[in-house]
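Colleague: What follows is structure.txt, compact mmCIF, N, CA and C atoms.
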# COMPACT_ATOMS: atom_id res chain seq x y z
N GLN A 1 -111.88 -64.38 -41.89
CA GLN A 1 -112.56 -64.53 -40.61
C GLN A 1 -113.75 -65.48 -40.78
N VAL A 2 -113.88 -66.42 -39.88
CA VAL A 2 -114.97 -67.39 -39.91
C VAL A 2 -115.84 -67.20 -38.68
N TYR A 3 -117.15 -67.15 -38.91
CA TYR A 3 -118.11 -67.06 -37.81
C TYR A 3 -118.97 -68.31 -37.83
N VAL A 4 -119.16 -68.90 -36.66
CA VAL A 4 -119.91 -70.14 -36.57
C VAL A 4 -120.93 -70.02 -35.45
N LEU A 5 -122.18 -70.34 -35.75
CA LEU A 5 -123.21 -70.47 -34.73
C LEU A 5 -123.28 -71.96 -34.40
N LYS A 6 -122.80 -72.31 -33.23
CA LYS A 6 -122.72 -73.72 -32.87
C LYS A 6 -124.02 -74.20 -32.25
N ARG A 7 -124.39 -75.40 -32.63
CA ARG A 7 -125.55 -76.05 -32.03
C ARG A 7 -125.26 -76.23 -30.54
N PRO A 8 -126.27 -76.03 -29.70
CA PRO A 8 -126.04 -76.22 -28.26
C PRO A 8 -125.48 -77.62 -27.97
N HIS A 9 -124.50 -77.65 -27.11
CA HIS A 9 -123.88 -78.88 -26.59
C HIS A 9 -122.98 -79.59 -27.60
N VAL A 10 -122.67 -78.93 -28.73
CA VAL A 10 -121.80 -79.57 -29.72
C VAL A 10 -120.40 -79.81 -29.15
N ASP A 11 -119.92 -78.93 -28.30
CA ASP A 11 -118.59 -79.12 -27.72
C ASP A 11 -118.53 -80.39 -26.87
N GLU A 12 -119.51 -80.56 -25.99
CA GLU A 12 -119.55 -81.75 -25.15
C GLU A 12 -119.71 -83.01 -26.00
N PHE A 13 -120.58 -82.90 -27.01
CA PHE A 13 -120.85 -84.04 -27.88
C PHE A 13 -119.58 -84.49 -28.61
N LEU A 14 -118.91 -83.56 -29.26
CA LEU A 14 -117.70 -83.92 -30.02
C LEU A 14 -116.59 -84.44 -29.12
N GLN A 15 -116.43 -83.82 -27.97
CA GLN A 15 -115.40 -84.29 -27.05
C GLN A 15 -115.67 -85.73 -26.64
N ARG A 16 -116.91 -86.04 -26.29
CA ARG A 16 -117.26 -87.39 -25.85
C ARG A 16 -117.15 -88.39 -27.00
N MET A 17 -117.59 -88.00 -28.19
CA MET A 17 -117.50 -88.90 -29.34
C MET A 17 -116.04 -89.23 -29.65
N GLY A 18 -115.16 -88.24 -29.52
CA GLY A 18 -113.73 -88.48 -29.73
C GLY A 18 -113.14 -89.45 -28.73
N GLU A 19 -113.71 -89.49 -27.53
CA GLU A 19 -113.26 -90.44 -26.51
C GLU A 19 -113.77 -91.85 -26.79
N LEU A 20 -114.96 -91.94 -27.38
CA LEU A 20 -115.60 -93.24 -27.57
C LEU A 20 -115.29 -93.90 -28.91
N PHE A 21 -115.08 -93.09 -29.95
CA PHE A 21 -114.99 -93.62 -31.31
C PHE A 21 -113.83 -93.00 -32.07
N GLU A 22 -113.50 -93.63 -33.18
CA GLU A 22 -112.61 -93.02 -34.15
C GLU A 22 -113.50 -92.17 -35.06
N CYS A 23 -113.43 -90.87 -34.91
CA CYS A 23 -114.34 -89.95 -35.61
C CYS A 23 -113.69 -89.40 -36.88
N VAL A 24 -114.47 -89.39 -37.94
CA VAL A 24 -114.04 -88.83 -39.21
C VAL A 24 -115.09 -87.82 -39.65
N LEU A 25 -114.65 -86.61 -39.94
CA LEU A 25 -115.54 -85.59 -40.49
C LEU A 25 -115.71 -85.87 -41.98
N PHE A 26 -116.95 -86.00 -42.43
CA PHE A 26 -117.22 -86.26 -43.84
C PHE A 26 -118.27 -85.28 -44.29
N THR A 27 -117.91 -84.36 -45.17
CA THR A 27 -118.83 -83.33 -45.63
C THR A 27 -118.72 -83.16 -47.14
N ALA A 28 -119.82 -82.73 -47.75
CA ALA A 28 -119.80 -82.44 -49.19
C ALA A 28 -119.30 -81.03 -49.46
N SER A 29 -118.94 -80.30 -48.42
CA SER A 29 -118.39 -78.96 -48.59
C SER A 29 -116.96 -79.04 -49.11
N LEU A 30 -116.53 -77.96 -49.72
CA LEU A 30 -115.14 -77.88 -50.17
C LEU A 30 -114.22 -77.71 -48.97
N ALA A 31 -113.04 -78.29 -49.04
CA ALA A 31 -112.09 -78.23 -47.93
C ALA A 31 -111.75 -76.80 -47.54
N LYS A 32 -111.62 -75.92 -48.52
CA LYS A 32 -111.22 -74.54 -48.20
C LYS A 32 -112.26 -73.81 -47.36
N TYR A 33 -113.52 -74.26 -47.40
CA TYR A 33 -114.56 -73.67 -46.56
C TYR A 33 -114.77 -74.46 -45.27
N ALA A 34 -114.73 -75.77 -45.37
CA ALA A 34 -115.05 -76.62 -44.22
C ALA A 34 -113.91 -76.73 -43.22
N ASP A 35 -112.66 -76.67 -43.68
CA ASP A 35 -111.52 -76.81 -42.77
C ASP A 35 -111.51 -75.75 -41.67
N PRO A 36 -111.69 -74.46 -41.99
CA PRO A 36 -111.70 -73.45 -40.92
C PRO A 36 -112.84 -73.65 -39.92
N VAL A 37 -113.99 -74.10 -40.42
CA VAL A 37 -115.12 -74.38 -39.52
C VAL A 37 -114.78 -75.57 -38.62
N ALA A 38 -114.22 -76.62 -39.21
CA ALA A 38 -113.84 -77.79 -38.42
C ALA A 38 -112.79 -77.44 -37.38
N ASP A 39 -111.87 -76.53 -37.72
CA ASP A 39 -110.87 -76.09 -36.75
C ASP A 39 -111.52 -75.44 -35.54
N LEU A 40 -112.58 -74.66 -35.77
CA LEU A 40 -113.29 -74.01 -34.66
C LEU A 40 -114.08 -75.01 -33.83
N LEU A 41 -114.63 -76.03 -34.48
CA LEU A 41 -115.45 -77.01 -33.78
C LEU A 41 -114.64 -78.05 -33.02
N ASP A 42 -113.53 -78.45 -33.58
CA ASP A 42 -112.80 -79.61 -33.06
C ASP A 42 -111.62 -79.19 -32.20
N LYS A 43 -111.91 -78.67 -31.03
CA LYS A 43 -110.86 -78.21 -30.11
C LYS A 43 -110.08 -79.35 -29.47
N TRP A 44 -110.64 -80.55 -29.48
CA TRP A 44 -110.03 -81.68 -28.77
C TRP A 44 -109.39 -82.68 -29.70
N GLY A 45 -109.41 -82.42 -31.00
CA GLY A 45 -108.84 -83.37 -31.94
C GLY A 45 -109.68 -84.62 -32.08
N ALA A 46 -110.99 -84.49 -31.97
CA ALA A 46 -111.88 -85.64 -32.09
C ALA A 46 -111.85 -86.24 -33.48
N PHE A 47 -111.70 -85.40 -34.51
CA PHE A 47 -111.69 -85.89 -35.88
C PHE A 47 -110.30 -86.42 -36.22
N ARG A 48 -110.22 -87.71 -36.43
CA ARG A 48 -108.93 -88.31 -36.79
C ARG A 48 -108.61 -88.09 -38.25
N ALA A 49 -109.66 -87.80 -39.02
CA ALA A 49 -109.48 -87.50 -40.45
C ALA A 49 -110.61 -86.58 -40.88
N ARG A 50 -110.38 -85.87 -41.97
CA ARG A 50 -111.39 -84.99 -42.55
C ARG A 50 -111.51 -85.32 -44.03
N LEU A 51 -112.72 -85.61 -44.45
CA LEU A 51 -112.99 -85.91 -45.86
C LEU A 51 -113.96 -84.87 -46.39
N PHE A 52 -113.66 -84.34 -47.56
CA PHE A 52 -114.44 -83.23 -48.12
C PHE A 52 -115.05 -83.64 -49.46
N ARG A 53 -115.59 -82.66 -50.17
CA ARG A 53 -116.24 -82.92 -51.45
C ARG A 53 -115.35 -83.74 -52.39
N GLU A 54 -114.06 -83.51 -52.29
CA GLU A 54 -113.13 -84.24 -53.14
C GLU A 54 -113.19 -85.75 -52.90
N SER A 55 -113.72 -86.16 -51.76
CA SER A 55 -113.85 -87.57 -51.42
C SER A 55 -115.23 -88.12 -51.74
N CYS A 56 -116.06 -87.29 -52.37
CA CYS A 56 -117.42 -87.70 -52.75
C CYS A 56 -117.49 -87.99 -54.24
N VAL A 57 -118.52 -88.69 -54.62
CA VAL A 57 -118.82 -88.94 -56.02
C VAL A 57 -120.10 -88.18 -56.36
N PHE A 58 -120.08 -87.40 -57.44
CA PHE A 58 -121.27 -86.67 -57.87
C PHE A 58 -122.02 -87.55 -58.86
N HIS A 59 -123.27 -87.86 -58.54
CA HIS A 59 -124.07 -88.75 -59.39
C HIS A 59 -125.52 -88.28 -59.39
N ARG A 60 -126.02 -87.96 -60.56
CA ARG A 60 -127.42 -87.55 -60.73
C ARG A 60 -127.82 -86.42 -59.80
N GLY A 61 -126.97 -85.43 -59.69
CA GLY A 61 -127.30 -84.24 -58.93
C GLY A 61 -127.03 -84.31 -57.44
N ASN A 62 -126.47 -85.41 -56.96
CA ASN A 62 -126.19 -85.55 -55.53
C ASN A 62 -124.74 -85.94 -55.30
N TYR A 63 -124.25 -85.58 -54.13
CA TYR A 63 -122.92 -86.02 -53.70
C TYR A 63 -123.09 -87.28 -52.87
N TYR A 64 -122.31 -88.29 -53.18
CA TYR A 64 -122.34 -89.55 -52.45
C TYR A 64 -120.98 -89.80 -51.82
N ARG A 65 -121.02 -90.34 -50.62
CA ARG A 65 -119.77 -90.73 -49.98
C ARG A 65 -119.21 -91.95 -50.70
N ARG A 66 -117.93 -91.90 -50.96
CA ARG A 66 -117.27 -93.08 -51.51
C ARG A 66 -117.06 -94.07 -50.39
N LYS A 67 -116.90 -95.32 -50.77
CA LYS A 67 -116.48 -96.29 -49.76
C LYS A 67 -115.08 -95.91 -49.33
N VAL A 68 -114.90 -95.63 -48.06
CA VAL A 68 -113.59 -95.17 -47.60
C VAL A 68 -112.87 -96.21 -46.76
N ALA A 69 -113.53 -97.32 -46.49
CA ALA A 69 -112.89 -98.39 -45.73
C ALA A 69 -113.61 -99.69 -46.05
N ALA A 70 -113.00 -100.78 -45.69
CA ALA A 70 -113.63 -102.07 -45.93
C ALA A 70 -114.94 -102.16 -45.15
N GLY A 71 -115.91 -102.80 -45.72
CA GLY A 71 -117.16 -103.01 -45.01
C GLY A 71 -118.18 -101.91 -45.20
N GLY A 72 -118.02 -101.07 -46.19
CA GLY A 72 -119.04 -100.05 -46.44
C GLY A 72 -118.47 -98.67 -46.44
N CYS A 73 -119.10 -97.79 -45.70
CA CYS A 73 -118.72 -96.38 -45.72
C CYS A 73 -117.65 -96.04 -44.72
N GLY A 74 -117.09 -97.01 -44.08
CA GLY A 74 -115.99 -96.73 -43.19
C GLY A 74 -116.42 -96.36 -41.79
N GLY A 75 -117.63 -96.67 -41.42
CA GLY A 75 -118.03 -96.39 -40.07
C GLY A 75 -119.48 -95.99 -39.97
N THR A 76 -119.80 -95.45 -38.83
CA THR A 76 -121.15 -95.04 -38.53
C THR A 76 -121.23 -93.54 -38.61
N GLY A 77 -122.31 -93.04 -39.11
CA GLY A 77 -122.44 -91.59 -39.23
C GLY A 77 -123.58 -91.04 -38.41
N ALA A 78 -123.36 -89.89 -37.83
CA ALA A 78 -124.46 -89.09 -37.28
C ALA A 78 -124.63 -88.00 -38.32
N THR A 79 -125.74 -88.01 -38.99
CA THR A 79 -125.85 -87.16 -40.17
C THR A 79 -127.10 -86.31 -40.16
N ALA A 80 -126.96 -85.09 -40.62
CA ALA A 80 -128.10 -84.20 -40.78
C ALA A 80 -128.28 -83.77 -42.22
N PRO A 81 -127.20 -83.38 -42.94
CA PRO A 81 -127.40 -82.86 -44.29
C PRO A 81 -127.93 -83.92 -45.25
N PRO A 82 -129.05 -83.66 -45.92
CA PRO A 82 -129.62 -84.66 -46.82
C PRO A 82 -128.84 -84.81 -48.11
N PHE A 83 -127.94 -83.87 -48.43
CA PHE A 83 -127.25 -83.93 -49.71
C PHE A 83 -126.05 -84.85 -49.69
N ILE A 84 -125.67 -85.35 -48.53
CA ILE A 84 -124.61 -86.36 -48.48
C ILE A 84 -125.32 -87.69 -48.27
N ARG A 85 -125.36 -88.49 -49.29
CA ARG A 85 -126.12 -89.73 -49.22
C ARG A 85 -125.16 -90.91 -49.33
N CYS A 86 -125.65 -92.03 -48.87
CA CYS A 86 -124.85 -93.24 -48.96
C CYS A 86 -125.66 -94.33 -49.63
N PRO A 87 -125.32 -94.67 -50.86
CA PRO A 87 -126.08 -95.71 -51.55
C PRO A 87 -125.75 -97.11 -51.06
N PHE A 88 -124.85 -97.24 -50.10
CA PHE A 88 -124.40 -98.54 -49.63
C PHE A 88 -125.13 -98.97 -48.36
N ARG A 89 -126.21 -98.28 -48.00
CA ARG A 89 -126.97 -98.58 -46.78
C ARG A 89 -126.07 -98.51 -45.55
N CYS A 90 -125.31 -97.45 -45.46
CA CYS A 90 -124.43 -97.25 -44.32
C CYS A 90 -125.24 -97.09 -43.05
N PRO A 91 -124.73 -97.58 -41.95
CA PRO A 91 -125.42 -97.35 -40.69
C PRO A 91 -125.28 -95.88 -40.31
N GLN A 92 -126.40 -95.23 -40.09
CA GLN A 92 -126.40 -93.83 -39.71
C GLN A 92 -127.37 -93.61 -38.58
N VAL A 93 -127.10 -92.60 -37.80
CA VAL A 93 -128.01 -92.18 -36.74
C VAL A 93 -128.57 -90.84 -37.17
N PRO A 94 -129.85 -90.79 -37.50
CA PRO A 94 -130.42 -89.51 -37.94
C PRO A 94 -130.42 -88.49 -36.81
N VAL A 95 -130.10 -87.27 -37.17
CA VAL A 95 -130.08 -86.16 -36.21
C VAL A 95 -131.02 -85.09 -36.74
N ALA A 96 -131.92 -84.62 -35.90
CA ALA A 96 -132.87 -83.60 -36.32
C ALA A 96 -132.14 -82.34 -36.77
N SER A 97 -132.67 -81.72 -37.79
CA SER A 97 -132.10 -80.48 -38.30
C SER A 97 -132.16 -79.39 -37.23
N TRP A 98 -131.21 -78.45 -37.31
CA TRP A 98 -131.16 -77.37 -36.32
C TRP A 98 -130.85 -76.08 -37.02
N PHE A 99 -131.48 -74.99 -36.57
CA PHE A 99 -131.17 -73.69 -37.14
C PHE A 99 -130.68 -72.73 -36.08
N ASP A 100 -131.53 -72.37 -35.13
CA ASP A 100 -131.08 -71.39 -34.13
C ASP A 100 -131.76 -71.54 -32.77
N ASN A 101 -132.33 -72.70 -32.49
CA ASN A 101 -132.99 -72.93 -31.22
C ASN A 101 -131.92 -73.20 -30.15
N MET A 102 -131.62 -72.19 -29.36
CA MET A 102 -130.56 -72.33 -28.36
C MET A 102 -130.97 -73.20 -27.17
N ALA A 103 -132.24 -73.64 -27.13
CA ALA A 103 -132.70 -74.55 -26.09
C ALA A 103 -132.63 -76.01 -26.56
N ASP A 104 -132.11 -76.24 -27.75
CA ASP A 104 -132.01 -77.57 -28.34
C ASP A 104 -131.15 -78.49 -27.48
N THR A 105 -131.60 -79.73 -27.30
CA THR A 105 -130.84 -80.71 -26.51
C THR A 105 -130.57 -82.00 -27.30
N GLU A 106 -130.77 -81.97 -28.60
CA GLU A 106 -130.63 -83.18 -29.43
C GLU A 106 -129.29 -83.88 -29.20
N LEU A 107 -128.20 -83.14 -29.19
CA LEU A 107 -126.88 -83.77 -29.04
C LEU A 107 -126.68 -84.36 -27.65
N LEU A 108 -127.16 -83.67 -26.63
CA LEU A 108 -127.10 -84.24 -25.27
C LEU A 108 -127.95 -85.49 -25.17
N ASP A 109 -129.12 -85.45 -25.80
CA ASP A 109 -130.03 -86.60 -25.76
C ASP A 109 -129.42 -87.83 -26.43
N LEU A 110 -128.54 -87.62 -27.40
CA LEU A 110 -127.92 -88.73 -28.12
C LEU A 110 -126.74 -89.36 -27.37
N LEU A 111 -126.17 -88.66 -26.41
CA LEU A 111 -124.98 -89.17 -25.72
C LEU A 111 -125.18 -90.55 -25.10
N PRO A 112 -126.26 -90.80 -24.34
CA PRO A 112 -126.41 -92.14 -23.76
C PRO A 112 -126.50 -93.25 -24.81
N PHE A 113 -127.16 -92.95 -25.93
CA PHE A 113 -127.24 -93.94 -27.01
C PHE A 113 -125.86 -94.28 -27.54
N PHE A 114 -125.05 -93.27 -27.82
CA PHE A 114 -123.70 -93.51 -28.35
C PHE A 114 -122.80 -94.17 -27.30
N GLU A 115 -122.99 -93.85 -26.04
CA GLU A 115 -122.20 -94.51 -25.00
C GLU A 115 -122.52 -96.00 -24.96
N ARG A 116 -123.80 -96.35 -25.07
CA ARG A 116 -124.17 -97.78 -25.13
C ARG A 116 -123.63 -98.42 -26.41
N LEU A 117 -123.74 -97.70 -27.51
CA LEU A 117 -123.28 -98.23 -28.80
C LEU A 117 -121.78 -98.51 -28.79
N SER A 118 -121.03 -97.74 -28.04
CA SER A 118 -119.57 -97.93 -28.00
C SER A 118 -119.18 -99.24 -27.32
N LYS A 119 -120.12 -99.86 -26.62
CA LYS A 119 -119.82 -101.09 -25.88
C LYS A 119 -120.26 -102.36 -26.60
N VAL A 120 -120.99 -102.22 -27.70
CA VAL A 120 -121.47 -103.41 -28.40
C VAL A 120 -120.40 -103.93 -29.35
N GLU A 121 -120.50 -105.21 -29.66
CA GLU A 121 -119.52 -105.82 -30.54
C GLU A 121 -119.80 -105.52 -32.01
N ASP A 122 -121.08 -105.49 -32.38
CA ASP A 122 -121.45 -105.28 -33.79
C ASP A 122 -122.35 -104.06 -33.92
N VAL A 123 -121.73 -102.92 -34.14
CA VAL A 123 -122.46 -101.65 -34.28
C VAL A 123 -123.44 -101.73 -35.45
N TYR A 124 -123.01 -102.33 -36.55
CA TYR A 124 -123.85 -102.42 -37.74
C TYR A 124 -125.16 -103.14 -37.45
N ALA A 125 -125.09 -104.25 -36.72
CA ALA A 125 -126.30 -105.02 -36.41
C ALA A 125 -127.26 -104.20 -35.55
N VAL A 126 -126.74 -103.49 -34.57
CA VAL A 126 -127.59 -102.67 -33.69
C VAL A 126 -128.28 -101.58 -34.49
N LEU A 127 -127.54 -100.90 -35.35
CA LEU A 127 -128.12 -99.81 -36.13
C LEU A 127 -129.10 -100.32 -37.18
N LYS A 128 -128.81 -101.48 -37.74
CA LYS A 128 -129.74 -102.07 -38.71
C LYS A 128 -131.05 -102.42 -38.02
N LYS A 129 -130.96 -102.98 -36.83
CA LYS A 129 -132.16 -103.34 -36.07
C LYS A 129 -132.95 -102.08 -35.71
N GLN A 130 -132.25 -101.04 -35.31
CA GLN A 130 -132.90 -99.78 -34.96
C GLN A 130 -133.62 -99.19 -36.16
N ARG A 131 -133.01 -99.29 -37.33
CA ARG A 131 -133.60 -98.73 -38.55
C ARG A 131 -134.89 -99.44 -38.92
N THR A 132 -135.00 -100.74 -38.62
CA THR A 132 -136.20 -101.49 -38.97
C THR A 132 -137.31 -101.33 -37.94
N ASN A 133 -137.00 -100.78 -36.78
CA ASN A 133 -138.04 -100.57 -35.74
C ASN A 133 -138.79 -99.28 -35.97
Go through the file and emit its structure as structure tokens.
Modeller:
Amino acid sequence: QVYVLKRPHVDEFLQRMGELFECVLFTASLAKYADPVADLLDKWGAFRARLFRESCVFHRGNYYRRKVAAGGCGGTGATAPPFIRCPFRCPQVPVASWFDNMADTELLDLLPFFERLSKVEDVYAVLKKQRTN
């Protein structure tokens, strides 16, 4: 039996991201633990692929994402866990950590940004510019 406390608005967020992007779940967790959680979260099939600890490289006490596609880390990440790092300067959108604040709106607040991002030609350039601001 798996119990999950979902961040507020995660259902709407994942559904919309699946409509806008090719989404890949990438976690440093083991597949046997993360798969059941992903099954509960991904009711709409937003994740086109799932990558687990087996797809990471362990180096100096940290798990790193391997290059999974041409051009870097294989896409853009919305990331919270600090233990999954990308030494390749992957474009990422930082997401504030969450524990149990049921009034949290972080994921809803990010939707307009990702909707705009889905329309640009060069996602990497936009995120690089955002990172330097």
Colleague: Might I get the box with edges along x, y and z of the file that holds all atoms of segment 55-61 of chain A listed there, padded by 3 Å on every side, given as centre and edge lengths in Å to one decimal, as AutoDock Vina command-line options?
Modeller:
--center_x -120.8 --center_y -86.6 --center_z -56.1 --size_x 20.1 --size_y 10.7 --size_z 15.3
Colleague: Pick out the residues sitting within 7 Å of segment 44-60 of chain A, and hand them over as a list in words; count all atoms listed in the file, and ignore anything fewer than 4 positions along from it in its own chain.
Modeller: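 That gives Leu14, Gln15, Met17, Gly18, Glu19, Glu22, Cys23, Val24, Leu25, Phe26, Thr27, Ala28, Ser29, Leu30, Ala31, Tyr64, Arg65 and Arg66 of chain A.
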Colleague: So which residues touch segment 100-104 of chain A within 7 Å, counting all atoms listed in the file, skipping near sequence neighbours fewer than 3 positions away, as a PyMOL selection string?
Modeller: chain A and resi 7-9+107-108
Colleague: In Å, rounded to a single decimal, give me how far atom N of Leu127 of chain A is from atom C of Ala96 of chain A.
Modeller: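 So the two atoms, atom C of Ala96 of chain A and atom N of Leu127 of chain A, lie 19.2 Å apart.
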Colleague: One number please: atom C of Val10 of chain A to atom C of Pro94 of chain A, in Å, one decimal.
Modeller: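 Separating atom C of Val10 of chain A from atom C of Pro94 of chain A is a distance of 15.3 Å.
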Colleague: As a PyMOL selection string, list the residues of segment 5-48 of chain A assigned to strand (DSSP E or B) by DSSP on the backbone atoms of this structure.
Modeller: chain A and resi 23-26+47-48
Colleague: Can you tell me, as an NGL selection string, what residues are no more than 10 Å from Val4 of chain A when counting only C-alpha atoms, ignoring any on the same chain fewer than 5 positions away?
Modeller: :A and (36-38 or 40-41)
Colleague: Quick one, how far is atom CA of Glu115 of chain A from atom CA of Glu12 of chain A?
Modeller: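 Interatomic distance, atom CA of Glu115 of chain A to atom CA of Glu12 of chain A: 13.0 Å.
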Colleague: Would you mind telling me which residue in A:Leu20, A:Tyr3, A:Asp11, A:Phe99 lies nearest to Phe114 of chain A when using all atoms listed in the file?
Modeller: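 Among the listed residues, the smallest separation from Phe114 of chain A belongs to A:Leu20.
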